[in-house]
Each structure stands twice: as C-alpha cells, then as structure tokens.
>>> print(open('upload-v8.cif').read())   # mmCIF, C-alpha atoms, pLDDT in the B column; chains and numbers go by the auth columns
data_query
loop_
_atom_site.group_PDB
_atom_site.id
_atom_site.type_symbol
_atom_site.label_atom_id
_atom_site.label_comp_id
_atom_site.label_asym_id
_atom_site.label_seq_id
_atom_site.Cartn_x
_atom_site.Cartn_y
_atom_site.Cartn_z
_atom_site.B_iso_or_equiv
_atom_site.auth_seq_id
_atom_site.auth_asym_id
ATOM 1 C CA MET A 1 48.093 -68.312 -68.827 54.00 91 A
ATOM 2 C CA PRO A 2 51.000 -67.649 -71.175 59.00 92 A
ATOM 3 C CA LEU A 3 50.811 -64.497 -73.225 55.00 93 A
ATOM 4 C CA PRO A 4 53.588 -64.858 -75.804 55.00 94 A
ATOM 5 C CA PHE A 5 52.428 -61.849 -77.800 52.00 95 A
ATOM 6 C CA LEU A 6 53.440 -59.604 -74.888 50.00 96 A
ATOM 7 C CA THR A 7 57.102 -60.604 -74.856 47.00 97 A
ATOM 8 C CA ALA A 8 59.936 -59.562 -77.094 49.00 98 A
ATOM 9 C CA ASP A 9 61.606 -62.960 -76.593 49.00 99 A
ATOM 10 C CA ARG A 10 59.028 -64.719 -78.739 51.00 100 A
ATOM 11 C CA ALA A 11 60.896 -63.746 -81.906 50.00 101 A
ATOM 12 C CA PHE A 12 63.999 -65.572 -80.674 51.00 102 A
ATOM 13 C CA ASP A 13 62.223 -68.798 -79.709 51.00 103 A
ATOM 14 C CA THR A 14 62.061 -70.078 -83.272 52.00 104 A
ATOM 15 C CA THR A 15 64.312 -72.891 -84.429 54.00 105 A
ATOM 16 C CA ASP A 16 64.560 -71.792 -88.043 52.00 106 A
ATOM 17 C CA HIS A 17 67.124 -69.125 -88.850 53.00 107 A
ATOM 18 C CA VAL A 18 65.042 -67.184 -91.345 53.00 108 A
ATOM 19 C CA ALA A 19 65.274 -63.419 -91.179 50.00 109 A
ATOM 20 C CA LEU A 20 62.178 -61.916 -89.662 48.00 110 A
ATOM 21 C CA PRO A 21 60.115 -59.523 -91.792 51.00 111 A
ATOM 22 C CA PHE A 22 61.022 -56.560 -89.563 53.00 112 A
ATOM 23 C CA ASP A 23 64.731 -57.422 -89.677 67.00 113 A
ATOM 24 C CA ASP A 24 65.782 -54.380 -91.721 74.00 114 A
ATOM 25 C CA HIS A 25 69.538 -53.871 -91.546 78.00 115 A
ATOM 26 C CA ASP A 26 69.278 -50.285 -92.777 81.00 116 A
ATOM 27 C CA GLN A 27 67.540 -49.097 -89.614 87.00 117 A
ATOM 28 C CA TRP A 28 69.534 -48.176 -86.522 91.00 118 A
ATOM 29 C CA ARG A 29 69.110 -50.758 -83.769 91.00 119 A
ATOM 30 C CA ARG A 30 70.590 -51.370 -80.357 92.00 120 A
ATOM 31 C CA PRO A 31 72.185 -54.846 -80.322 90.00 121 A
ATOM 32 C CA TYR A 32 71.229 -55.351 -76.666 91.00 122 A
ATOM 33 C CA ARG A 33 68.474 -54.498 -74.232 91.00 123 A
ATOM 34 C CA PRO A 34 68.819 -51.454 -71.990 92.00 124 A
ATOM 35 C CA GLY A 35 70.057 -52.386 -68.540 90.00 125 A
ATOM 36 C CA SER A 36 68.086 -52.205 -65.333 90.00 126 A
ATOM 37 C CA TRP A 37 70.170 -49.289 -64.021 90.00 127 A
ATOM 38 C CA ARG A 38 69.376 -47.184 -67.092 92.00 128 A
ATOM 39 C CA VAL A 39 65.685 -48.069 -67.095 94.00 129 A
ATOM 40 C CA GLY A 40 65.410 -47.540 -63.329 94.00 130 A
ATOM 41 C CA ALA A 41 67.038 -44.111 -63.484 94.00 131 A
ATOM 42 C CA ALA A 42 64.740 -43.076 -66.328 96.00 132 A
ATOM 43 C CA ALA A 43 61.702 -44.354 -64.427 97.00 133 A
ATOM 44 C CA LEU A 44 62.693 -42.352 -61.347 97.00 134 A
ATOM 45 C CA ALA A 45 63.177 -39.255 -63.507 97.00 135 A
ATOM 46 C CA LEU A 46 59.727 -39.718 -65.021 97.00 136 A
ATOM 47 C CA LEU A 47 58.260 -40.166 -61.541 97.00 137 A
ATOM 48 C CA LEU A 48 59.892 -36.902 -60.500 97.00 138 A
ATOM 49 C CA ALA A 49 58.503 -35.250 -63.627 97.00 139 A
ATOM 50 C CA SER A 50 54.983 -36.382 -62.738 97.00 140 A
ATOM 51 C CA PHE A 51 55.265 -34.714 -59.326 97.00 141 A
ATOM 52 C CA VAL A 52 56.620 -31.541 -60.927 97.00 142 A
ATOM 53 C CA LEU A 53 53.711 -31.568 -63.407 97.00 143 A
ATOM 54 C CA LEU A 54 51.279 -31.944 -60.508 97.00 144 A
ATOM 55 C CA ALA A 55 52.978 -29.008 -58.783 97.00 145 A
ATOM 56 C CA SER A 56 52.595 -27.017 -62.000 97.00 146 A
ATOM 57 C CA VAL A 57 48.842 -27.659 -62.012 96.00 147 A
ATOM 58 C CA ILE A 58 48.547 -26.635 -58.350 97.00 148 A
ATOM 59 C CA ILE A 59 50.552 -23.453 -58.967 96.00 149 A
ATOM 60 C CA ALA A 60 48.373 -22.617 -61.986 96.00 150 A
ATOM 61 C CA ALA A 61 45.202 -23.205 -59.923 96.00 151 A
ATOM 62 C CA ALA A 62 46.559 -20.777 -57.327 94.00 152 A
ATOM 63 C CA GLY A 63 46.780 -18.117 -60.023 90.00 153 A
ATOM 64 C CA ALA A 64 50.570 -17.773 -60.416 93.00 154 A
ATOM 65 C CA PHE A 65 50.802 -18.504 -64.126 95.00 155 A
ATOM 66 C CA GLY A 66 54.431 -17.414 -64.447 95.00 156 A
ATOM 67 C CA GLY A 67 55.509 -19.909 -61.804 95.00 157 A
ATOM 68 C CA ALA A 68 53.308 -22.588 -63.362 95.00 158 A
ATOM 69 C CA GLY A 69 54.976 -22.025 -66.737 96.00 159 A
ATOM 70 C CA ALA A 70 58.452 -22.261 -65.226 97.00 160 A
ATOM 71 C CA THR A 71 57.501 -25.440 -63.369 96.00 161 A
ATOM 72 C CA LEU A 72 55.994 -26.906 -66.544 96.00 162 A
ATOM 73 C CA GLY A 73 59.228 -26.092 -68.396 97.00 163 A
ATOM 74 C CA LEU A 74 61.249 -27.862 -65.685 97.00 164 A
ATOM 75 C CA ALA A 75 59.017 -30.942 -65.967 97.00 165 A
ATOM 76 C CA LEU A 76 59.474 -31.016 -69.740 97.00 166 A
ATOM 77 C CA LEU A 77 63.259 -30.810 -69.316 97.00 167 A
ATOM 78 C CA VAL A 78 63.199 -33.759 -66.891 97.00 168 A
ATOM 79 C CA ILE A 79 61.048 -35.778 -69.340 97.00 169 A
ATOM 80 C CA LEU A 80 63.402 -35.007 -72.233 97.00 170 A
ATOM 81 C CA ALA A 81 66.407 -35.971 -70.093 97.00 171 A
ATOM 82 C CA ALA A 82 64.763 -39.300 -69.188 97.00 172 A
ATOM 83 C CA LEU A 83 64.021 -40.047 -72.837 96.00 173 A
ATOM 84 C CA ARG A 84 67.587 -39.188 -73.854 96.00 174 A
ATOM 85 C CA MET A 85 68.885 -41.402 -71.043 94.00 175 A
ATOM 86 C CA LEU A 86 66.928 -44.320 -72.512 94.00 176 A
ATOM 87 C CA ARG A 87 68.320 -43.536 -75.976 94.00 177 A
ATOM 88 C CA MET A 88 71.968 -43.632 -74.836 94.00 178 A
ATOM 89 C CA GLY A 89 74.145 -46.537 -75.900 92.00 179 A
ATOM 90 C CA THR A 90 75.596 -48.157 -78.993 94.00 180 A
ATOM 91 C CA TRP A 91 73.506 -48.518 -82.142 94.00 181 A
ATOM 92 C CA VAL A 92 74.375 -50.402 -85.331 93.00 182 A
ATOM 93 C CA SER A 93 73.063 -50.535 -88.880 91.00 183 A
ATOM 94 C CA GLY A 94 74.357 -51.397 -92.303 88.00 184 A
ATOM 95 C CA ALA A 95 75.733 -47.866 -92.524 89.00 185 A
ATOM 96 C CA GLY A 96 77.963 -48.017 -89.451 91.00 186 A
ATOM 97 C CA VAL A 97 78.086 -47.856 -85.689 93.00 187 A
ATOM 98 C CA ARG A 98 76.727 -44.996 -83.600 94.00 188 A
ATOM 99 C CA ARG A 99 77.646 -44.115 -80.008 94.00 189 A
ATOM 100 C CA VAL A 100 74.917 -42.024 -78.387 94.00 190 A
ATOM 101 C CA ALA A 101 75.941 -40.150 -75.234 92.00 191 A
ATOM 102 C CA PHE A 102 73.780 -37.795 -73.172 93.00 192 A
ATOM 103 C CA LEU A 103 74.883 -34.629 -74.963 94.00 193 A
ATOM 104 C CA SER A 104 76.571 -35.928 -78.120 94.00 194 A
ATOM 105 C CA THR A 105 76.340 -38.574 -80.820 94.00 195 A
ATOM 106 C CA VAL A 106 79.241 -40.014 -82.819 94.00 196 A
ATOM 107 C CA THR A 107 78.596 -42.034 -85.982 93.00 197 A
ATOM 108 C CA VAL A 108 81.395 -44.026 -87.627 93.00 198 A
ATOM 109 C CA PRO A 109 80.789 -45.646 -91.025 93.00 199 A
ATOM 110 C CA TRP A 110 81.932 -49.263 -91.262 90.00 200 A
ATOM 111 C CA ALA A 111 84.419 -48.261 -93.958 90.00 201 A
ATOM 112 C CA LYS A 112 86.292 -46.077 -91.445 91.00 202 A
ATOM 113 C CA VAL A 113 86.537 -48.782 -88.751 90.00 203 A
ATOM 114 C CA THR A 114 90.066 -50.162 -88.560 89.00 204 A
ATOM 115 C CA ALA A 115 89.751 -52.375 -85.474 88.00 205 A
ATOM 116 C CA LEU A 116 87.129 -53.555 -83.053 90.00 206 A
ATOM 117 C CA ARG A 117 88.339 -55.374 -79.955 90.00 207 A
ATOM 118 C CA THR A 118 87.507 -56.076 -76.332 91.00 208 A
ATOM 119 C CA VAL A 119 90.242 -54.910 -73.971 91.00 209 A
ATOM 120 C CA GLN A 120 90.887 -54.920 -70.229 92.00 210 A
ATOM 121 C CA GLN A 121 91.279 -51.348 -69.026 90.00 211 A
ATOM 122 C CA PRO A 122 90.064 -48.943 -66.352 90.00 212 A
ATOM 123 C CA VAL A 123 86.438 -48.082 -67.152 90.00 213 A
ATOM 124 C CA ARG A 124 84.030 -45.608 -65.625 89.00 214 A
ATOM 125 C CA TRP A 125 81.558 -47.086 -63.140 88.00 215 A
ATOM 126 C CA LEU A 126 77.981 -46.122 -64.173 81.00 216 A
ATOM 127 C CA GLY A 127 79.396 -43.175 -66.112 80.00 217 A
ATOM 128 C CA LEU A 128 80.678 -41.515 -62.946 81.00 218 A
ATOM 129 C CA PRO A 129 84.245 -40.212 -62.555 86.00 219 A
ATOM 130 C CA ARG A 130 85.195 -43.266 -60.461 86.00 220 A
ATOM 131 C CA THR A 131 87.063 -45.890 -62.501 85.00 221 A
ATOM 132 C CA VAL A 132 87.346 -49.623 -61.903 91.00 222 A
ATOM 133 C CA GLN A 133 89.147 -52.377 -63.779 92.00 223 A
ATOM 134 C CA GLY A 134 86.852 -53.832 -66.412 92.00 224 A
ATOM 135 C CA GLN A 135 86.322 -54.690 -70.046 93.00 225 A
ATOM 136 C CA ALA A 136 85.547 -52.296 -72.856 92.00 226 A
ATOM 137 C CA LEU A 137 84.671 -52.728 -76.514 92.00 227 A
ATOM 138 C CA VAL A 138 86.983 -50.279 -78.265 92.00 228 A
ATOM 139 C CA LEU A 139 86.552 -49.168 -81.873 92.00 229 A
ATOM 140 C CA GLY A 140 89.626 -48.015 -83.765 90.00 230 A
ATOM 141 C CA ARG A 141 88.986 -45.366 -86.418 89.00 231 A
ATOM 142 C CA GLN A 142 91.081 -44.176 -89.316 86.00 232 A
ATOM 143 C CA GLY A 143 93.588 -41.656 -88.071 84.00 233 A
ATOM 144 C CA GLY A 144 94.362 -43.653 -84.940 83.00 234 A
ATOM 145 C CA GLU A 145 91.434 -42.355 -82.900 88.00 235 A
ATOM 146 C CA GLN A 146 89.697 -44.752 -80.521 90.00 236 A
ATOM 147 C CA LEU A 147 86.098 -44.753 -79.353 89.00 237 A
ATOM 148 C CA VAL A 148 84.847 -46.759 -76.383 90.00 238 A
ATOM 149 C CA LEU A 149 81.534 -48.294 -77.454 90.00 239 A
ATOM 150 C CA LEU A 150 80.583 -50.472 -74.471 91.00 240 A
ATOM 151 C CA THR A 151 81.913 -51.189 -71.000 92.00 241 A
ATOM 152 C CA ASP A 152 80.938 -53.925 -68.605 91.00 242 A
ATOM 153 C CA HIS A 153 80.394 -51.379 -65.807 91.00 243 A
ATOM 154 C CA ASN A 154 78.038 -48.949 -67.536 90.00 244 A
ATOM 155 C CA ALA A 155 74.301 -48.625 -66.831 89.00 245 A
ATOM 156 C CA ASP A 156 73.452 -51.332 -69.382 90.00 246 A
ATOM 157 C CA PHE A 157 75.821 -54.096 -68.282 90.00 247 A
ATOM 158 C CA LEU A 158 76.587 -53.671 -64.579 87.00 248 A
ATOM 159 C CA SER A 159 76.273 -57.191 -63.089 86.00 249 A
ATOM 160 C CA ARG A 160 75.285 -58.593 -66.510 87.00 250 A
ATOM 161 C CA VAL A 161 78.481 -60.174 -67.838 88.00 251 A
ATOM 162 C CA GLU A 162 76.669 -62.519 -70.251 92.00 252 A
ATOM 163 C CA ALA A 163 74.732 -59.631 -71.770 92.00 253 A
ATOM 164 C CA PHE A 164 77.981 -57.695 -72.278 92.00 254 A
ATOM 165 C CA ASP A 165 79.561 -60.698 -74.022 92.00 255 A
ATOM 166 C CA ARG A 166 76.511 -61.128 -76.285 93.00 256 A
ATOM 167 C CA ALA A 167 76.466 -57.415 -77.138 93.00 257 A
ATOM 168 C CA THR A 168 80.169 -57.319 -78.021 92.00 258 A
ATOM 169 C CA ASP A 169 79.778 -60.453 -80.136 92.00 259 A
ATOM 170 C CA THR A 170 76.830 -58.882 -81.933 91.00 260 A
ATOM 171 C CA VAL A 171 78.678 -55.634 -82.690 91.00 261 A
ATOM 172 C CA GLU A 172 81.694 -57.636 -83.899 90.00 262 A
ATOM 173 C CA ALA A 173 79.370 -59.691 -86.138 90.00 263 A
ATOM 174 C CA TRP A 174 77.969 -56.492 -87.653 90.00 264 A
ATOM 175 C CA ASN A 175 81.544 -55.337 -88.261 90.00 265 A
ATOM 176 C CA ALA A 176 82.416 -58.672 -89.874 88.00 266 A
ATOM 177 C CA GLU A 177 79.381 -58.408 -92.151 88.00 267 A
ATOM 178 C CA TYR A 178 79.547 -54.747 -93.151 87.00 268 A
ATOM 179 C CA GLY A 179 83.080 -53.664 -92.293 80.00 269 A
ATOM 180 C CA VAL A 180 86.010 -53.501 -94.619 73.00 270 A
ATOM 181 C CA ALA A 181 87.943 -56.757 -94.539 49.00 271 A
ATOM 182 C CA PRO A 182 91.445 -56.312 -93.109 53.00 272 A
ATOM 183 C CA ALA A 183 94.289 -56.713 -95.586 39.00 273 A
ATOM 184 C CA VAL A 184 96.256 -59.942 -95.279 36.00 274 A
ATOM 185 C CA THR A 185 100.008 -59.415 -95.237 35.00 275 A
ATOM 186 C CA ARG A 186 102.387 -62.248 -96.084 36.00 276 A
#
>>> encode(input="upload-v8.cif", output="structure tokens")
Amino acid sequence: MPLPFLTADRAFDTTDHVALPFDDHDQWRRPYRPGSWRVGAAALALLLASFVLLASVIIAAAGAFGGAGATLGLALLVILAALRMLRMGTWVSGAGVRRVAFLSTVTVPWAKVTALRTVQQPVRWLGLPRTVQGQALVLGRQGGEQLVLLTDHNADFLSRVEAFDRATDTVEAWNAEYGVAPAVTR
C-alpha cells in the first residue's frame, strides 16, 4: 500500500515546474539531505542519551539527587550535541550562504561572494584529521578569503557522489540567482 504523504520525495514527482507554496527563498534551507553517516552518529548519540537518562532516574530513585542532577545534565549535553550534529552543513537562502560547523557558524551574503567553484584538493575524511584526495566546493569571499562549503568525503556525502554533484549544482544555482554577476572584461 503506497503512502505518498509519508515521503518527502512526493513534492519532486510532479511534472510541472511551478514553485510549491512552501518554497520560500527567504528561509534558510539545506540544499541536500543529511547523509547516513551524520544521521547514524546522531541516532547513536541519542541512544546513548536515553541510557544516561535511565541511569539518572535510577540514581534519583536511590536517593542521590546530586548525582542524578549531574547525570541529567550530561544527558542534556549529549542530546544538544546530537541536535547540533544534525544541524551542521551548508544552508542557503536569498540572503546568502551559511556554513554551520559544530561550534561555529559563518554566514556570507551573496554580495560578498566572489567565486564559487568545485576543486580537487586534499579534504578531511568524515571531519577527522586524516585527509584524502577529493572534491570540495570552495567559496571565495571579498578580501581573498576562502571557505570550504562541502566536501565529497564529509558525513553527508561519503559514498554519495551523485548527491554531492546535485548539492554543488544547487548551491551554484543559488549563487547564479542571487549572487552578484561577475564583471565581463574585454
């Protein structure tokens, strides 16, 4: 029994290219789906948090309320870390592009973007210190600074080359629509 109302793909199955009513370009959106590595790590963290919450209840039932409070605080930290892990990635809107990392967020307005290109370079494997040769979507900002938006070996795109290509094309399309057109020199 098909249940199309349960899938997010239903919105993309239409043949007409009319903007959907929820297609608001002023809201921040991720131009790709989170990868299985990111979702799996967050799910494991939430599973760990459930066990820590259970331990907190057992400690509170034993009468050690100080230990129960500390354990509850640890569980809340693990839950917040899992939610932040799911929030990490590249987000776009009509205002600009935003790179959300675990501890920091960088927002670049489209007017300050000078270049957006996919390059071959050493990239970090799953965000760890180990580097491998891969592709990265690099954003050039005014002042010569560069910001790596996406890599094909991060938690969203490891073993998903087609998804990486679609995501880079989508970010480049947002730049083409909202970015400042490059000057033509003759």
>>> residues_around(input="upload-v8.cif", residues="Asp255 (chain A)", least_positions_apart="2", cutoff="12 Å", atoms="only C-alpha atoms", output="count of residues only")
22
>>> residues_around(input="upload-v8.cif", residues="region 204-206 of chain A", least_positions_apart="3", cutoff="9 Å", atoms="only C-alpha atoms", output="list in words")
Trp200, Ala201, Leu227, Val228, Leu229, Gly230, Arg231, Gln232, Gly234, Val261, Glu262, Asn265, Gly269, Val270 and Pro272 of chain A
>>> resolve_selection(input="upload-v8.cif", expression="the PyMOL selection byres ((chain A and resi 172) around 8)", output="mmCIF file with C-alpha atoms, in the frame of the given file")
data_model
loop_
_atom_site.group_PDB
_atom_site.id
_atom_site.type_symbol
_atom_site.label_atom_id
_atom_site.label_comp_id
_atom_site.auth_asym_id
_atom_site.auth_seq_id
_atom_site.Cartn_x
_atom_site.Cartn_y
_atom_site.Cartn_z
ATOM 1 C CA ALA A 131 67.038 -44.111 -63.484
ATOM 2 C CA ALA A 132 64.740 -43.076 -66.328
ATOM 3 C CA ALA A 133 61.702 -44.354 -64.427
ATOM 4 C CA ALA A 135 63.177 -39.255 -63.507
ATOM 5 C CA LEU A 136 59.727 -39.718 -65.021
ATOM 6 C CA VAL A 168 63.199 -33.759 -66.891
ATOM 7 C CA ILE A 169 61.048 -35.778 -69.340
ATOM 8 C CA LEU A 170 63.402 -35.007 -72.233
ATOM 9 C CA ALA A 171 66.407 -35.971 -70.093
ATOM 10 C CA LEU A 173 64.021 -40.047 -72.837
ATOM 11 C CA ARG A 174 67.587 -39.188 -73.854
ATOM 12 C CA MET A 175 68.885 -41.402 -71.043
ATOM 13 C CA LEU A 176 66.928 -44.320 -72.512
#
>>> closest_residue(input="upload-v8.cif", among="A:Leu248, A:Arg128, A:Lys202, A:Glu267", to="Trp215 (chain A)", atoms="all atoms listed in the file")
A:Leu248
>>> resolve_selection(input="upload-v8.cif", expression="the PyMOL selection byres ((chain A and resi 145-147) around 6)", output="VMD selection string")
chain A and resid 142 to 144 148 to 150 158 161 to 162
>>> write_last_selection(input="upload-v8.cif", atoms="C-alpha atoms", output="short mmCIF file (atom, residue, chain, number, x, y, z; two decimals), in the coordinates of the input")
data_model
loop_
_atom_site.label_atom_id
_atom_site.label_comp_id
_atom_site.auth_asym_id
_atom_site.auth_seq_id
_atom_site.Cartn_x
_atom_site.Cartn_y
_atom_site.Cartn_z
CA VAL A 142 56.62 -31.54 -60.93
CA LEU A 143 53.71 -31.57 -63.41
CA LEU A 144 51.28 -31.94 -60.51
CA ILE A 148 48.55 -26.64 -58.35
CA ILE A 149 50.55 -23.45 -58.97
CA ALA A 150 48.37 -22.62 -61.99
CA ALA A 158 53.31 -22.59 -63.36
CA THR A 161 57.50 -25.44 -63.37
CA LEU A 162 55.99 -26.91 -66.54
#
>>> atom_distance(input="upload-v8.cif", atom1="CA of Gln211 (chain A)", atom2="CA of Tyr268 (chain A)")
27.0 Å
>>> closest_residue(input="upload-v8.cif", among="A:Leu164, A:Pro199, A:Asp246, A:Ala191", to="Ala139 (chain A)", atoms="only C-alpha atoms")
A:Leu164
>>> closest_residue(input="upload-v8.cif", among="A:Ala154, A:Leu239, A:Pro212, A:Leu218", to="Val190 (chain A)", atoms="all atoms listed in the file")
A:Leu239
>>> atom_distance(input="upload-v8.cif", atom1="CA of Arg177 (chain A)", atom2="CA of Glu235 (chain A)")
24.2 Å
>>> closest_residue(input="upload-v8.cif", among="A:Arg256, A:Ser140, A:Gly224, A:Gly184", to="His115 (chain A)", atoms="all atoms listed in the file")
A:Gly184
>>> closest_residue(input="upload-v8.cif", among="A:Trp181, A:Gln236, A:Leu166, A:Gln210", to="Trp264 (chain A)", atoms="only C-alpha atoms")
A:Trp181
>>> atom_distance(input="upload-v8.cif", atom1="CA of Thr221 (chain A)", atom2="CA of Val182 (chain A)")
26.5 Å
>>> closest_residue(input="upload-v8.cif", among="A:Ala245, A:Ala266, A:Leu216, A:Val209", to="Gly179 (chain A)", atoms="all atoms listed in the file")
A:Ala245
>>> residues_around(input="upload-v8.cif", residues="Trp118 (chain A)", least_positions_apart="4", cutoff="10 Å", atoms="all atoms listed in the file", output="list of chain:residue names")
A:Asp114, A:Thr180, A:Trp181, A:Val182, A:Ser183, A:Gly184, A:Ala185, A:Gly186, A:Val187, A:Arg188
>>> decode(input="upload-v8.cif", residues="region 178-200 of chain A", atoms="N, CA, C and O atoms", output="mmCIF file, in the first residue's frame")
data_model
loop_
_atom_site.group_PDB
_atom_site.id
_atom_site.type_symbol
_atom_site.label_atom_id
_atom_site.label_comp_id
_atom_site.auth_asym_id
_atom_site.auth_seq_id
_atom_site.Cartn_x
_atom_site.Cartn_y
_atom_site.Cartn_z
ATOM 1 N N MET A 178 24.476 20.660 11.331
ATOM 2 C CA MET A 178 25.706 21.014 10.624
ATOM 3 C C MET A 178 25.527 20.872 9.122
ATOM 4 O O MET A 178 24.780 20.030 8.651
ATOM 5 N N GLY A 179 26.246 21.711 8.377
ATOM 6 C CA GLY A 179 26.213 21.628 6.926
ATOM 7 C C GLY A 179 26.151 22.997 6.293
ATOM 8 O O GLY A 179 26.432 24.020 6.922
ATOM 9 N N THR A 180 25.780 23.026 5.034
ATOM 10 C CA THR A 180 25.670 24.265 4.273
ATOM 11 C C THR A 180 24.208 24.595 4.069
ATOM 12 O O THR A 180 23.424 23.737 3.669
ATOM 13 N N TRP A 181 23.846 25.840 4.342
ATOM 14 C CA TRP A 181 22.470 26.309 4.213
ATOM 15 C C TRP A 181 22.473 27.510 3.276
ATOM 16 O O TRP A 181 23.414 28.296 3.273
ATOM 17 N N VAL A 182 21.415 27.653 2.489
ATOM 18 C CA VAL A 182 21.307 28.767 1.552
ATOM 19 C C VAL A 182 19.953 29.452 1.720
ATOM 20 O O VAL A 182 18.987 28.849 2.186
ATOM 21 N N SER A 183 19.925 30.713 1.359
ATOM 22 C CA SER A 183 18.680 31.481 1.288
ATOM 23 C C SER A 183 18.928 32.634 0.328
ATOM 24 O O SER A 183 20.020 32.781 -0.220
ATOM 25 N N GLY A 184 17.933 33.460 0.148
ATOM 26 C CA GLY A 184 18.104 34.624 -0.694
ATOM 27 C C GLY A 184 19.101 35.615 -0.124
ATOM 28 O O GLY A 184 19.642 36.457 -0.845
ATOM 29 N N ALA A 185 19.378 35.517 1.164
ATOM 30 C CA ALA A 185 20.301 36.444 1.811
ATOM 31 C C ALA A 185 21.760 36.046 1.629
ATOM 32 O O ALA A 185 22.638 36.900 1.657
ATOM 33 N N GLY A 186 22.037 34.751 1.480
ATOM 34 C CA GLY A 186 23.427 34.334 1.342
ATOM 35 C C GLY A 186 23.584 32.848 1.575
ATOM 36 O O GLY A 186 22.634 32.074 1.479
ATOM 37 N N VAL A 187 24.799 32.473 1.905
ATOM 38 C CA VAL A 187 25.133 31.080 2.174
ATOM 39 C C VAL A 187 25.693 30.996 3.589
ATOM 40 O O VAL A 187 26.415 31.887 4.037
ATOM 41 N N ARG A 188 25.333 29.937 4.296
ATOM 42 C CA ARG A 188 25.732 29.786 5.689
ATOM 43 C C ARG A 188 26.391 28.421 5.860
ATOM 44 O O ARG A 188 25.854 27.408 5.439
ATOM 45 N N ARG A 189 27.562 28.409 6.476
ATOM 46 C CA ARG A 189 28.276 27.171 6.790
ATOM 47 C C ARG A 189 28.185 26.961 8.287
ATOM 48 O O ARG A 189 28.727 27.736 9.082
ATOM 49 N N VAL A 190 27.477 25.911 8.698
ATOM 50 C CA VAL A 190 27.269 25.616 10.109
ATOM 51 C C VAL A 190 28.213 24.484 10.502
ATOM 52 O O VAL A 190 28.118 23.378 9.970
ATOM 53 N N ALA A 191 29.137 24.773 11.404
ATOM 54 C CA ALA A 191 30.034 23.762 11.958
ATOM 55 C C ALA A 191 29.546 23.410 13.358
ATOM 56 O O ALA A 191 28.535 23.949 13.830
ATOM 57 N N PHE A 192 30.247 22.514 14.047
ATOM 58 C CA PHE A 192 29.778 22.078 15.357
ATOM 59 C C PHE A 192 29.809 23.208 16.376
ATOM 60 O O PHE A 192 28.879 23.370 17.155
ATOM 61 N N LEU A 193 30.853 24.024 16.350
ATOM 62 C CA LEU A 193 30.980 25.086 17.345
ATOM 63 C C LEU A 193 30.882 26.493 16.764
ATOM 64 O O LEU A 193 30.959 27.462 17.517
ATOM 65 N N SER A 194 30.754 26.624 15.453
ATOM 66 C CA SER A 194 30.712 27.962 14.863
ATOM 67 C C SER A 194 29.804 27.980 13.643
ATOM 68 O O SER A 194 29.504 26.939 13.058
ATOM 69 N N THR A 195 29.396 29.176 13.275
ATOM 70 C CA THR A 195 28.569 29.391 12.086
ATOM 71 C C THR A 195 29.116 30.602 11.349
ATOM 72 O O THR A 195 29.377 31.635 11.959
ATOM 73 N N VAL A 196 29.288 30.458 10.031
ATOM 74 C CA VAL A 196 29.772 31.556 9.196
ATOM 75 C C VAL A 196 28.713 31.826 8.131
ATOM 76 O O VAL A 196 28.311 30.920 7.407
ATOM 77 N N THR A 197 28.259 33.078 8.061
ATOM 78 C CA THR A 197 27.282 33.484 7.057
ATOM 79 C C THR A 197 27.932 34.482 6.115
ATOM 80 O O THR A 197 28.534 35.452 6.561
ATOM 81 N N VAL A 198 27.801 34.234 4.803
ATOM 82 C CA VAL A 198 28.369 35.115 3.792
ATOM 83 C C VAL A 198 27.224 35.590 2.896
ATOM 84 O O VAL A 198 26.563 34.772 2.260
ATOM 85 N N PRO A 199 26.970 36.900 2.858
ATOM 86 C CA PRO A 199 25.940 37.401 1.943
ATOM 87 C C PRO A 199 26.351 37.161 0.488
ATOM 88 O O PRO A 199 27.540 37.148 0.155
ATOM 89 N N TRP A 200 25.365 36.980 -0.381
ATOM 90 C CA TRP A 200 25.682 36.722 -1.787
ATOM 91 C C TRP A 200 26.473 37.864 -2.401
ATOM 92 O O TRP A 200 27.277 37.652 -3.306
#
